[in-house]
>>> print(open('protein-v1.csv').read())   # CSV, C-alpha atoms and all ligand atoms
chain,number,residue,atom,x,y,z
A,1,MET,CA,-5.2,-15.4,17.4
A,2,PRO,CA,-4.6,-11.7,17.7
A,3,GLN,CA,-2.8,-9.9,14.9
A,4,ASP,CA,0.8,-8.8,15.4
A,5,LYS,CA,1.2,-5.1,15.3
A,6,ILE,CA,3.7,-3.3,13.0
A,7,THR,CA,5.6,-2.3,16.1
A,8,ASP,CA,6.0,-6.0,17.0
A,9,VAL,CA,7.6,-6.4,13.5
A,10,PHE,CA,9.9,-3.5,14.2
A,11,ALA,CA,11.0,-5.1,17.4
A,12,THR,CA,12.6,-8.0,15.5
A,13,LYS,CA,13.4,-6.5,12.1
A,14,GLN,CA,15.6,-3.5,11.2
A,15,ARG,CA,14.3,-3.6,7.6
A,16,THR,CA,10.8,-4.4,6.4
A,17,LEU,CA,9.0,-5.2,3.2
A,18,SER,CA,5.4,-4.2,2.8
A,19,PHE,CA,2.8,-3.9,0.1
A,20,GLU,CA,-0.2,-1.7,-0.4
A,21,PHE,CA,-3.5,-2.8,-1.9
A,22,PHE,CA,-6.6,-1.0,-2.8
A,23,PRO,CA,-10.0,-2.7,-2.1
A,24,PRO,CA,-11.2,-4.5,-5.3
A,25,LYS,CA,-14.5,-3.6,-6.8
A,26,THR,CA,-15.2,-6.8,-8.7
A,27,ASP,CA,-14.9,-10.6,-8.1
A,28,LYS,CA,-12.2,-10.7,-10.8
A,29,GLY,CA,-10.3,-7.9,-9.0
A,30,ARG,CA,-10.7,-9.7,-5.7
A,31,ASP,CA,-9.2,-12.9,-7.1
A,32,ARG,CA,-6.3,-11.0,-8.6
A,33,LEU,CA,-5.6,-9.3,-5.3
A,34,PHE,CA,-5.6,-12.6,-3.3
A,35,ASP,CA,-3.5,-14.3,-5.9
A,36,ALA,CA,-1.0,-11.5,-5.6
A,37,ALA,CA,-1.1,-11.5,-1.8
A,38,GLU,CA,-0.2,-15.2,-1.8
A,39,LYS,CA,2.8,-14.7,-4.0
A,40,LEU,CA,3.9,-11.7,-1.9
A,41,VAL,CA,3.7,-13.6,1.3
A,42,ASN,CA,5.9,-16.3,-0.2
A,43,LEU,CA,8.3,-13.6,-1.1
A,44,GLY,CA,8.7,-12.5,2.5
A,45,ALA,CA,6.2,-9.7,2.9
A,46,ASP,CA,6.1,-8.4,6.5
A,47,TRP,CA,2.7,-6.8,6.2
A,48,PHE,CA,0.0,-5.6,3.8
A,49,SER,CA,-2.0,-2.4,3.9
A,50,VAL,CA,-5.4,-1.6,2.4
A,51,THR,CA,-6.4,1.9,1.3
A,52,TYR,CA,-9.6,3.6,2.4
A,53,GLY,CA,-11.9,5.6,0.4
A,54,ALA,CA,-9.3,6.4,-2.2
A,55,GLY,CA,-10.4,6.1,-5.9
A,56,GLY,CA,-14.1,6.0,-4.9
A,57,THR,CA,-13.8,2.7,-2.9
A,58,THR,CA,-16.0,2.3,0.1
A,59,ALA,CA,-15.3,1.8,3.8
A,60,GLU,CA,-17.0,-1.6,3.7
A,61,ASN,CA,-14.8,-2.7,0.9
A,62,THR,CA,-11.7,-1.9,2.9
A,63,MET,CA,-12.9,-3.7,6.1
A,64,GLN,CA,-13.9,-6.7,4.1
A,65,THR,CA,-10.5,-6.9,2.3
A,66,VAL,CA,-8.6,-6.4,5.6
A,67,GLU,CA,-10.6,-9.1,7.3
A,68,GLU,CA,-10.1,-11.6,4.5
A,69,LEU,CA,-6.4,-10.9,4.3
A,70,ILE,CA,-6.2,-11.4,8.1
A,71,GLN,CA,-8.0,-14.7,7.8
A,72,ARG,CA,-5.9,-16.0,4.9
A,73,PHE,CA,-2.4,-14.9,5.8
A,74,ASP,CA,-0.4,-15.0,8.9
A,75,ILE,CA,1.0,-11.4,8.6
A,76,PRO,CA,-0.3,-8.1,10.0
A,77,VAL,CA,-2.7,-6.1,7.8
A,78,VAL,CA,-2.9,-2.3,8.1
A,79,HIS,CA,-6.4,-0.7,7.8
A,80,HIS,CA,-6.1,2.8,6.3
A,81,PHE,CA,-8.5,5.3,7.8
A,82,THR,CA,-9.2,8.9,6.9
A,83,CYS,CA,-10.8,12.0,8.4
A,84,ILE,CA,-12.7,12.9,5.2
A,85,LYS,CA,-16.5,12.5,5.4
A,86,HIS,CA,-16.3,11.6,9.1
A,87,THR,CA,-17.4,13.4,12.3
A,88,TRP,CA,-15.7,12.9,15.7
A,89,ASP,CA,-18.5,10.6,16.6
A,90,THR,CA,-18.4,8.4,13.6
A,91,ILE,CA,-14.7,8.1,13.9
A,92,ARG,CA,-15.0,7.1,17.5
A,93,SER,CA,-17.5,4.4,16.6
A,94,GLU,CA,-15.5,3.2,13.6
A,95,LEU,CA,-12.4,2.8,15.8
A,96,ASP,CA,-14.5,0.8,18.4
A,97,ARG,CA,-15.8,-1.4,15.6
A,98,MET,CA,-12.3,-2.0,14.2
A,99,LYS,CA,-11.0,-2.8,17.6
A,100,ASN,CA,-13.8,-5.3,18.1
A,101,ASP,CA,-13.2,-6.8,14.7
A,102,GLY,CA,-9.6,-7.6,15.5
A,103,VAL,CA,-7.9,-4.8,13.6
A,104,ARG,CA,-4.6,-3.8,15.3
A,105,ASN,CA,-2.9,-1.7,12.7
A,106,LEU,CA,-4.1,1.6,11.4
A,107,MET,CA,-2.8,4.1,8.9
A,108,ALA,CA,-4.2,7.4,10.1
A,109,LEU,CA,-4.7,9.9,7.2
A,110,ARG,CA,-6.6,13.0,6.4
A,111,GLY,CA,-7.6,11.7,3.0
A,112,ASP,CA,-8.4,13.7,-0.1
A,113,PRO,CA,-11.8,14.9,-1.1
A,114,PRO,CA,-13.3,13.0,-4.1
A,115,GLN,CA,-12.4,14.4,-7.5
A,116,HIS,CA,-15.8,16.1,-8.0
A,117,GLU,CA,-15.6,17.8,-4.5
A,118,ARG,CA,-12.4,19.8,-4.8
A,119,GLU,CA,-14.1,22.6,-2.8
A,120,TYR,CA,-14.7,20.2,0.1
A,121,LYS,CA,-15.1,22.1,3.4
A,122,PHE,CA,-14.6,20.5,6.8
A,123,LEU,CA,-17.4,21.2,9.2
A,124,PRO,CA,-16.8,22.1,12.9
A,125,ASP,CA,-17.7,18.5,14.1
A,126,GLN,CA,-15.1,17.0,11.8
A,127,PRO,CA,-11.4,16.5,12.4
A,128,ARG,CA,-9.5,18.0,9.6
A,129,TYR,CA,-5.9,16.8,10.1
A,130,ALA,CA,-4.3,13.4,10.4
A,131,TYR,CA,-2.7,14.2,13.8
A,132,GLN,CA,-6.2,14.5,15.3
A,133,LEU,CA,-7.1,11.0,14.0
A,134,VAL,CA,-3.8,9.7,15.5
A,135,GLU,CA,-4.8,11.3,18.9
A,136,MET,CA,-8.2,9.8,18.8
A,137,SER,CA,-6.8,6.3,17.9
A,138,ARG,CA,-4.5,6.6,20.9
A,139,GLU,CA,-7.5,6.9,23.1
A,140,HIS,CA,-7.5,3.1,22.7
A,141,ASP,CA,-4.1,3.1,24.5
A,142,ASP,CA,-1.7,0.7,22.8
A,143,HIS,CA,-4.3,-1.4,21.0
A,144,PHE,CA,-3.4,0.0,17.6
A,145,SER,CA,-0.1,0.5,16.0
A,146,ILE,CA,-0.4,3.7,14.0
A,147,GLY,CA,1.3,4.7,10.7
A,148,VAL,CA,1.1,8.1,9.0
A,149,ALA,CA,1.9,9.6,5.6
A,150,GLY,CA,5.0,11.6,4.8
A,151,PHE,CA,5.8,13.7,1.7
A,152,PRO,CA,9.5,13.9,0.6
A,153,GLU,CA,8.6,16.8,-1.6
A,154,GLY,CA,6.3,18.4,1.0
A,155,HIS,CA,2.6,18.0,1.0
A,156,PRO,CA,1.2,20.0,-1.9
A,157,LEU,CA,-0.8,22.3,0.5
A,158,ALA,CA,2.0,22.8,3.1
A,159,PRO,CA,3.2,26.4,3.1
A,160,ASN,CA,6.9,25.3,3.1
A,161,LEU,CA,9.1,22.3,3.8
A,162,ASP,CA,9.9,23.2,7.4
A,163,VAL,CA,6.3,23.6,8.3
A,164,ASP,CA,5.6,20.3,6.5
A,165,SER,CA,8.3,18.6,8.8
A,166,HIS,CA,6.7,20.2,11.8
A,167,PHE,CA,3.3,18.7,10.9
A,168,LEU,CA,5.0,15.3,10.7
A,169,LYS,CA,6.4,15.9,14.2
A,170,MET,CA,2.9,16.7,15.4
A,171,LYS,CA,1.7,13.3,14.1
A,172,GLN,CA,4.6,11.6,16.0
A,173,ASP,CA,3.8,13.6,19.1
A,174,ALA,CA,0.1,12.5,18.9
A,175,GLY,CA,1.2,8.9,19.0
A,176,ALA,CA,2.2,7.8,15.4
A,177,ASP,CA,4.7,4.8,15.4
A,178,TYR,CA,6.1,5.1,11.8
A,179,CYS,CA,5.7,6.9,8.5
A,180,ILE,CA,5.3,5.7,5.0
A,181,THR,CA,6.3,8.2,2.3
A,182,GLN,CA,4.5,9.2,-0.9
A,183,PHE,CA,6.3,7.7,-3.9
A,184,PHE,CA,9.2,9.5,-5.5
A,185,PHE,CA,11.7,8.7,-8.3
A,186,GLU,CA,14.8,10.5,-7.1
A,187,ASN,CA,16.3,9.1,-3.9
A,188,MET,CA,17.9,12.4,-3.1
A,189,LEU,CA,14.4,13.6,-2.2
A,190,TYR,CA,14.1,10.9,0.4
A,191,TRP,CA,17.4,11.6,2.0
A,192,GLU,CA,16.8,15.3,2.2
A,193,TYR,CA,13.4,14.7,3.7
A,194,LEU,CA,14.9,12.4,6.3
A,195,GLN,CA,17.5,15.0,7.2
A,196,ARG,CA,14.8,17.7,7.4
A,197,VAL,CA,12.4,15.7,9.6
A,198,ARG,CA,15.1,14.4,11.9
A,199,GLN,CA,16.1,18.0,12.5
A,200,ALA,CA,12.5,18.8,13.4
A,201,GLY,CA,12.7,16.1,16.0
A,202,VAL,CA,11.0,13.2,14.1
A,203,SER,CA,12.6,9.9,15.3
A,204,MET,CA,10.2,7.3,14.0
A,205,ARG,CA,11.0,5.0,11.1
A,206,ILE,CA,10.4,6.7,7.7
A,207,ILE,CA,9.8,3.9,5.2
A,208,PRO,CA,10.2,4.9,1.5
A,209,GLY,CA,7.2,4.2,-0.7
A,210,LEU,CA,7.9,3.1,-4.2
A,211,LEU,CA,5.7,2.9,-7.3
A,212,PRO,CA,7.2,0.9,-10.1
A,213,VAL,CA,6.3,2.4,-13.5
A,214,THR,CA,4.0,0.1,-15.5
A,215,ASN,CA,2.0,2.7,-17.4
A,216,TYR,CA,3.5,6.1,-18.3
A,217,GLU,CA,0.4,8.1,-19.0
A,218,LYS,CA,-1.4,6.9,-15.9
A,219,LEU,CA,1.7,7.6,-13.8
A,220,VAL,CA,1.8,11.2,-15.0
A,221,GLU,CA,-1.9,11.7,-14.2
A,222,PHE,CA,-1.6,10.0,-10.8
A,223,ALA,CA,1.5,12.0,-9.8
A,224,ALA,CA,-0.2,15.3,-10.8
A,225,ASN,CA,-3.2,14.3,-8.5
A,226,CYS,CA,-1.0,13.7,-5.5
A,227,GLY,CA,1.6,16.5,-6.1
A,228,ALA,CA,4.6,14.1,-6.8
A,229,THR,CA,7.2,15.2,-9.3
A,230,VAL,CA,7.8,13.1,-12.3
A,231,PRO,CA,11.4,14.0,-13.1
A,232,ARG,CA,12.8,14.5,-16.6
A,233,THR,CA,14.6,11.1,-16.6
A,234,ILE,CA,11.3,9.3,-16.1
A,235,HIS,CA,9.7,11.3,-19.0
A,236,GLU,CA,12.8,10.6,-21.2
A,237,ILE,CA,12.8,6.8,-20.5
A,238,PHE,CA,9.0,6.1,-20.6
A,239,GLU,CA,7.4,8.7,-22.9
A,240,PRO,CA,8.9,7.2,-26.1
A,241,ILE,CA,7.8,3.7,-25.2
A,242,LYS,CA,4.4,4.6,-23.7
A,243,ASP,CA,2.5,2.3,-26.1
A,244,ASP,CA,4.8,-0.6,-25.5
A,245,THR,CA,3.3,-2.3,-22.4
A,246,ASP,CA,6.0,-5.0,-22.0
A,247,GLY,CA,8.8,-2.5,-22.7
A,248,THR,CA,7.4,-0.1,-20.1
A,249,SER,CA,7.2,-2.9,-17.5
A,250,ALA,CA,10.7,-4.1,-18.2
A,251,ARG,CA,12.2,-0.6,-18.0
A,252,GLY,CA,10.0,0.2,-14.9
A,253,THR,CA,11.3,-2.9,-13.3
A,254,ASP,CA,15.0,-2.0,-14.0
A,255,TYR,CA,14.4,1.6,-12.7
A,256,ALA,CA,12.7,0.3,-9.5
A,257,ILE,CA,15.5,-2.2,-8.9
A,258,SER,CA,18.2,0.4,-9.0
A,259,GLN,CA,16.2,2.9,-7.0
A,260,ALA,CA,15.3,0.3,-4.3
A,261,GLN,CA,18.9,-1.1,-4.1
A,262,ASP,CA,20.4,2.3,-3.7
A,263,LEU,CA,17.9,3.1,-0.9
A,264,LEU,CA,18.8,-0.2,0.9
A,265,ASP,CA,22.5,0.2,0.4
A,266,ARG,CA,22.3,3.6,2.0
A,267,GLY,CA,20.4,2.4,5.0
A,268,ALA,CA,16.7,2.8,4.3
A,269,PRO,CA,14.7,0.9,7.0
A,270,GLY,CA,12.8,-1.1,4.4
A,271,LEU,CA,10.6,-0.7,1.3
A,272,HIS,CA,6.9,-0.2,0.9
A,273,PHE,CA,5.5,-0.9,-2.6
A,274,TYR,CA,2.4,0.6,-4.1
A,275,CYS,CA,1.8,-2.7,-6.0
A,276,LEU,CA,-1.6,-1.9,-7.5
A,277,ASN,CA,-2.9,-5.3,-6.5
A,278,ARG,CA,-0.5,-7.2,-8.7
A,279,ALA,CA,2.4,-9.5,-7.8
A,280,GLU,CA,4.3,-8.3,-10.9
A,281,PRO,CA,6.5,-6.4,-11.3
A,282,VAL,CA,7.2,-6.2,-7.6
A,283,SER,CA,8.1,-9.9,-7.3
A,284,SER,CA,10.7,-9.6,-10.1
A,285,ILE,CA,12.0,-6.4,-8.5
A,286,PHE,CA,12.4,-8.0,-5.1
A,287,LYS,CA,14.1,-11.1,-6.4
A,288,SER,CA,16.8,-9.0,-8.0
A,289,LEU,CA,17.5,-7.0,-4.7
A,290,LYS,CA,20.1,-7.7,-2.1
A,291,PHE,CA,17.6,-7.1,0.8
B,301,LIG,C1,1.4,6.2,2.4
B,301,LIG,C2,0.2,6.9,2.0
B,301,LIG,C3,-1.1,6.2,2.1
B,301,LIG,C4,-2.3,6.9,1.7
B,301,LIG,N1,-3.5,6.2,1.8
B,301,LIG,C5,-4.6,6.9,1.5
B,301,LIG,C6,-5.9,6.2,1.7
B,301,LIG,O1,-5.9,5.1,2.0
B,301,LIG,N2,-7.0,7.0,1.4
B,301,LIG,C7,-7.0,8.3,1.0
B,301,LIG,O2,-8.0,8.9,0.8
B,301,LIG,N3,-5.8,8.9,0.9
B,301,LIG,C8,-4.6,8.3,1.1
B,301,LIG,N4,-3.4,8.9,1.0
B,301,LIG,C9,-3.4,10.3,0.5
B,301,LIG,C10,-3.5,11.3,1.7
B,301,LIG,O3,-4.8,11.2,2.4
B,301,LIG,C11,-3.4,12.7,1.1
B,301,LIG,O4,-2.2,12.9,0.6
B,301,LIG,C12,-3.8,13.8,2.0
B,301,LIG,O5,-3.9,15.0,1.2
B,301,LIG,C13,-2.9,14.1,3.2
B,301,LIG,O6,-3.0,13.2,4.1
B,301,LIG,P1,-2.2,13.3,5.5
B,301,LIG,O7,-2.6,12.2,6.3
B,301,LIG,O8,-0.8,13.5,5.3
B,301,LIG,O9,-2.8,14.6,6.1
B,301,LIG,P2,-2.3,15.7,7.2
B,301,LIG,O10,-1.1,15.3,7.9
B,301,LIG,O11,-3.5,16.1,8.0
B,301,LIG,O12,-1.9,16.9,6.2
B,301,LIG,C14,-2.9,17.5,5.3
B,301,LIG,C15,-2.6,18.9,5.0
B,301,LIG,O13,-2.8,19.7,6.2
B,301,LIG,C16,-1.7,20.4,6.6
B,301,LIG,N5,-1.6,20.3,8.1
B,301,LIG,C17,-1.3,19.1,8.8
B,301,LIG,N6,-1.4,19.4,10.1
B,301,LIG,C18,-1.7,20.7,10.2
B,301,LIG,C19,-2.0,21.6,11.3
B,301,LIG,N7,-1.9,21.2,12.6
B,301,LIG,N8,-2.4,22.9,11.1
B,301,LIG,C20,-2.5,23.3,9.8
B,301,LIG,N9,-2.2,22.5,8.7
B,301,LIG,C21,-1.9,21.3,8.9
B,301,LIG,C22,-0.5,19.6,5.9
B,301,LIG,O14,0.6,20.5,5.6
B,301,LIG,C23,-1.2,19.2,4.6
B,301,LIG,O15,-1.2,20.2,3.7
B,301,LIG,C24,-2.2,8.3,1.3
B,301,LIG,C25,-1.0,8.9,1.2
B,301,LIG,C26,0.2,8.3,1.5
B,301,LIG,C27,1.5,8.9,1.4
>>> encode(input="protein-v1.csv", output="structure tokens", more="lines below")
Ligand SMILES: Cc1cc2nc3c(=O)[nH]c(=O)nc-3n(C[C@H](O)[C@H](O)[C@H](O)COP(=O)(O)OP(=O)(O)OC[C@H]3O[C@@H](n4cnc5c(N)ncnc54)[C@H](O)[C@@H]3O)c2cc1C
Amino acid sequence: MPQDKITDVFATKQRTLSFEFFPPKTDKGRDRLFDAAEKLVNLGADWFSVTYGAGGTTAENTMQTVEELIQRFDIPVVHHFTCIKHTWDTIRSELDRMKNDGVRNLMALRGDPPQHEREYKFLPDQPRYAYQLVEMSREHDDHFSIGVAGFPEGHPLAPNLDVDSHFLKMKQDAGADYCITQFFFENMLYWEYLQRVRQAGVSMRIIPGLLPVTNYEKLVEFAANCGATVPRTIHEIFEPIKDDTDGTSARGTDYAISQAQDLLDRGAPGLHFYCLNRAEPVSSIFKSLKF
């Protein structure tokens, strides 16, 4: 049976719950992911998404994980796809392949160069921005539903916040259906972003991305890599308990519950969790929410 598209989900739901996985590299990691996915489906997940190329994972790994999730669970699965390392030709053939393999949901991204290639230069036969990937995906008419990334604090390389909003509008104009944000810890950043991009003419759903804190040191490193601010409150709560795994998870769960509830209470169109392939703590968080 063909997969539903995320736009089909939007047609019936004002508010959605979604979870992002990365493709596992080992059998143990794979078992953990599918165990988590089963629990999250039972919790009411509307869709899953699987990252592409991030953290050194391979394209085959993403496709394999997407296919297996599609086979095992009756909810849409979003295949992330990036410009990095592709030419216009390879992108076109990958899109054809995905279409033939039954993928109906894409997250169109520029991607980041691998850590050891920070001086990465795009060649003339390569698309260099996500909006170009959206445009190309739309050549398949309405086959794909297309999500894009948004950055409440502005993308680290954007010259300023207004230009950043304009680039999101370009992705919408190219055919994007919705946007998932980078994680953030202060909800004010999300509401200010929403106001800014609405003023720039962006009307698609902007779904907040949340990363529950489970490991303080890794969080600080990860946030630095993607240009997200770790506010003082987070340092003050988690730095003193950084060696206490259970304590960090418990406080991280509490923090995420109050952040998520506040977003929902003020009208956010859903929640997207960066769940790191685990059912906990997101299950506990969700069970405590009035969704
Ligand atoms: C929800 C989410 C999921 C992600 N999943 C993945 C993943 O699976 N794999 C992965 O590798 N990475 C992933 N990323 C990271 C993402 O690829 C990086 O943050 C990347 O640097 C930006 O991607 P983008 O799609 O927003 O790019 P773009 O929208 O193309 O923006 C990239 C940069 O170019 C600038 N720009 C955009 N359009 C133009 C233009 N027309 N002219 C000039 N400058 C322009 C922007 O300001 C920005 O600085 C994800 C990020 C998010 C928020």
>>> residues_around(input="protein-v1.csv", residues="Lys28 of chain A", least_positions_apart="6", cutoff="12 Å", atoms="all atoms listed in the file", output="list in words")
Phe34, Asp35 and Asn277 of chain A
>>> closest_atom_pairs(input="protein-v1.csv", of="segment 77-112 of chain A", to="segment 54-70 of chain A", cutoff="9 Å", atoms="only C-alpha atoms", output="Markdown table")
| residue | atom | partner | partner_atom | distance |
| --- | --- | --- | --- | --- |
| A:Val77 | CA | A:Val66 | CA | 6.3 |
| A:Val78 | CA | A:Val66 | CA | 7.5 |
| A:His79 | CA | A:Val66 | CA | 6.5 |
| A:His80 | CA | A:Thr62 | CA | 8.1 |
| A:Phe81 | CA | A:Ala59 | CA | 8.6 |
| A:Met98 | CA | A:Met63 | CA | 8.3 |
| A:Asp101 | CA | A:Glu67 | CA | 8.2 |
| A:Gly102 | CA | A:Glu67 | CA | 8.4 |
| A:Val103 | CA | A:Glu67 | CA | 8.1 |
| A:Gly111 | CA | A:Ala54 | CA | 7.6 |
| A:Asp112 | CA | A:Ala54 | CA | 7.6 |
>>> residues_near_ligand(input="protein-v1.csv", ligand="ligand LIG 301 (chain B)", cutoff="7 Å", atoms="all atoms listed in the file", output="PyMOL selection string")
chain A and resi 50-54+80-82+108-112+128-131+148-151+155-159+164+167-168+180-182+209+226
>>> atom_distance(input="protein-v1.csv", atom1="atom CA of Phe122 of chain A", atom2="atom CA of Leu276 of chain A")
29.6 Å
>>> atom_distance(input="protein-v1.csv", atom1="atom CA of Asp96 of chain A", atom2="atom CA of Pro127 of chain A")
17.1 Å
>>> atom_distance(input="protein-v1.csv", atom1="atom CA of Leu289 of chain A", atom2="atom CA of Tyr255 of chain A")
12.1 Å
>>> residues_around(input="protein-v1.csv", residues="Val213 of chain A", least_positions_apart="4", cutoff="9 Å", atoms="all atoms listed in the file", output="compact mmCIF listing (two decimals) with C-alpha atoms, keeping the file's coordinate frame")
# COMPACT_ATOMS: atom_id res chain seq x y z
CA LEU A 219 1.70 7.60 -13.80
CA ILE A 234 11.30 9.30 -16.10
CA PHE A 238 9.00 6.10 -20.60
CA THR A 248 7.40 -0.10 -20.10
CA SER A 249 7.20 -2.90 -17.50
CA ARG A 251 12.20 -0.60 -18.00
CA GLY A 252 10.00 0.20 -14.90
CA THR A 253 11.30 -2.90 -13.30
CA TYR A 255 14.40 1.60 -12.70
CA ALA A 256 12.70 0.30 -9.50
>>> closest_residue(input="protein-v1.csv", among="A:Asp125, A:Asp243, A:Glu280, A:Asp46", to="Thr7 of chain A", atoms="all atoms listed in the file")
A:Asp46
>>> residues_around(input="protein-v1.csv", residues="Phe183 of chain A", least_positions_apart="5", cutoff="10 Å", atoms="only C-alpha atoms", output="list in words")
Gly150, Phe151, Pro152, Glu153, Tyr190, Pro208, Gly209, Leu210, Leu211, Pro212, Ala223, Cys226, Ala228, Thr229, His272, Phe273 and Tyr274 of chain A
>>> write_last_selection(input="protein-v1.csv", atoms="C-alpha atoms", output="compact mmCIF listing (two decimals), in the frame of the given file")
# COMPACT_ATOMS: atom_id res chain seq x y z
CA GLY A 150 5.00 11.60 4.80
CA PHE A 151 5.80 13.70 1.70
CA PRO A 152 9.50 13.90 0.60
CA GLU A 153 8.60 16.80 -1.60
CA TYR A 190 14.10 10.90 0.40
CA PRO A 208 10.20 4.90 1.50
CA GLY A 209 7.20 4.20 -0.70
CA LEU A 210 7.90 3.10 -4.20
CA LEU A 211 5.70 2.90 -7.30
CA PRO A 212 7.20 0.90 -10.10
CA ALA A 223 1.50 12.00 -9.80
CA CYS A 226 -1.00 13.70 -5.50
CA ALA A 228 4.60 14.10 -6.80
CA THR A 229 7.20 15.20 -9.30
CA HIS A 272 6.90 -0.20 0.90
CA PHE A 273 5.50 -0.90 -2.60
CA TYR A 274 2.40 0.60 -4.10
>>> closest_residue(input="protein-v1.csv", among="A:Lys171, A:Lys290, A:His166, A:Lys99", to="Arg198 of chain A", atoms="only C-alpha atoms")
A:His166
>>> closest_residue(input="protein-v1.csv", among="A:Tyr193, A:Tyr178, A:Phe184, A:Phe222", to="Ile206 of chain A", atoms="only C-alpha atoms")
A:Tyr178
>>> decode(input="protein-v1.csv", residues="segment 193-199 of chain A", atoms="all heavy atoms", output="compact mmCIF listing (two decimals), in the first residue's frame")
# COMPACT_ATOMS: atom_id res chain seq x y z
N TYR A 193 10.98 33.67 15.93
CA TYR A 193 11.25 33.13 14.59
C TYR A 193 9.96 33.07 13.78
O TYR A 193 9.91 33.50 12.62
CB TYR A 193 11.87 31.73 14.75
CG TYR A 193 12.20 31.03 13.45
CD1 TYR A 193 13.11 31.58 12.54
CD2 TYR A 193 11.63 29.79 13.14
CE1 TYR A 193 13.43 30.91 11.37
CE2 TYR A 193 11.95 29.13 11.98
CZ TYR A 193 12.85 29.69 11.10
OH TYR A 193 13.18 29.03 9.94
N LEU A 194 8.91 32.55 14.44
CA LEU A 194 7.63 32.42 13.76
C LEU A 194 7.14 33.78 13.27
O LEU A 194 6.71 33.94 12.13
CB LEU A 194 6.62 31.82 14.75
CG LEU A 194 5.41 31.13 14.14
CD1 LEU A 194 5.84 29.92 13.33
CD2 LEU A 194 4.47 30.68 15.25
N GLN A 195 7.25 34.77 14.14
CA GLN A 195 6.81 36.11 13.77
C GLN A 195 7.63 36.64 12.58
O GLN A 195 7.10 37.17 11.62
CB GLN A 195 6.99 37.02 14.98
CG GLN A 195 6.30 38.33 14.84
CD GLN A 195 6.47 39.19 16.09
OE1 GLN A 195 7.39 38.98 16.88
NE2 GLN A 195 5.58 40.13 16.27
N ARG A 196 8.94 36.43 12.65
CA ARG A 196 9.84 36.92 11.60
C ARG A 196 9.52 36.28 10.25
O ARG A 196 9.38 36.95 9.24
CB ARG A 196 11.26 36.57 12.02
CG ARG A 196 12.28 37.57 11.71
CD ARG A 196 13.57 37.38 12.46
NE ARG A 196 14.11 36.04 12.51
CZ ARG A 196 14.39 35.40 13.64
NH1 ARG A 196 14.20 35.98 14.81
NH2 ARG A 196 14.91 34.20 13.62
N VAL A 197 9.38 34.93 10.26
CA VAL A 197 9.18 34.27 8.96
C VAL A 197 7.77 34.52 8.43
O VAL A 197 7.57 34.61 7.22
CB VAL A 197 9.53 32.76 8.98
CG1 VAL A 197 11.00 32.54 9.35
CG2 VAL A 197 8.63 31.96 9.89
N ARG A 198 6.79 34.67 9.33
CA ARG A 198 5.43 35.00 8.85
C ARG A 198 5.47 36.37 8.16
O ARG A 198 4.85 36.56 7.12
CB ARG A 198 4.43 35.04 10.01
CG ARG A 198 4.17 33.67 10.67
CD ARG A 198 3.38 32.73 9.77
NE ARG A 198 3.07 31.46 10.39
CZ ARG A 198 3.52 30.26 9.98
NH1 ARG A 198 4.32 30.15 8.94
NH2 ARG A 198 3.17 29.16 10.60
N GLN A 199 6.20 37.30 8.76
CA GLN A 199 6.32 38.63 8.14
C GLN A 199 6.97 38.54 6.76
O GLN A 199 6.69 39.33 5.87
CB GLN A 199 7.13 39.57 9.01
CG GLN A 199 6.23 40.34 9.98
CD GLN A 199 7.03 41.05 11.08
OE1 GLN A 199 8.25 41.11 11.02
NE2 GLN A 199 6.32 41.55 12.07
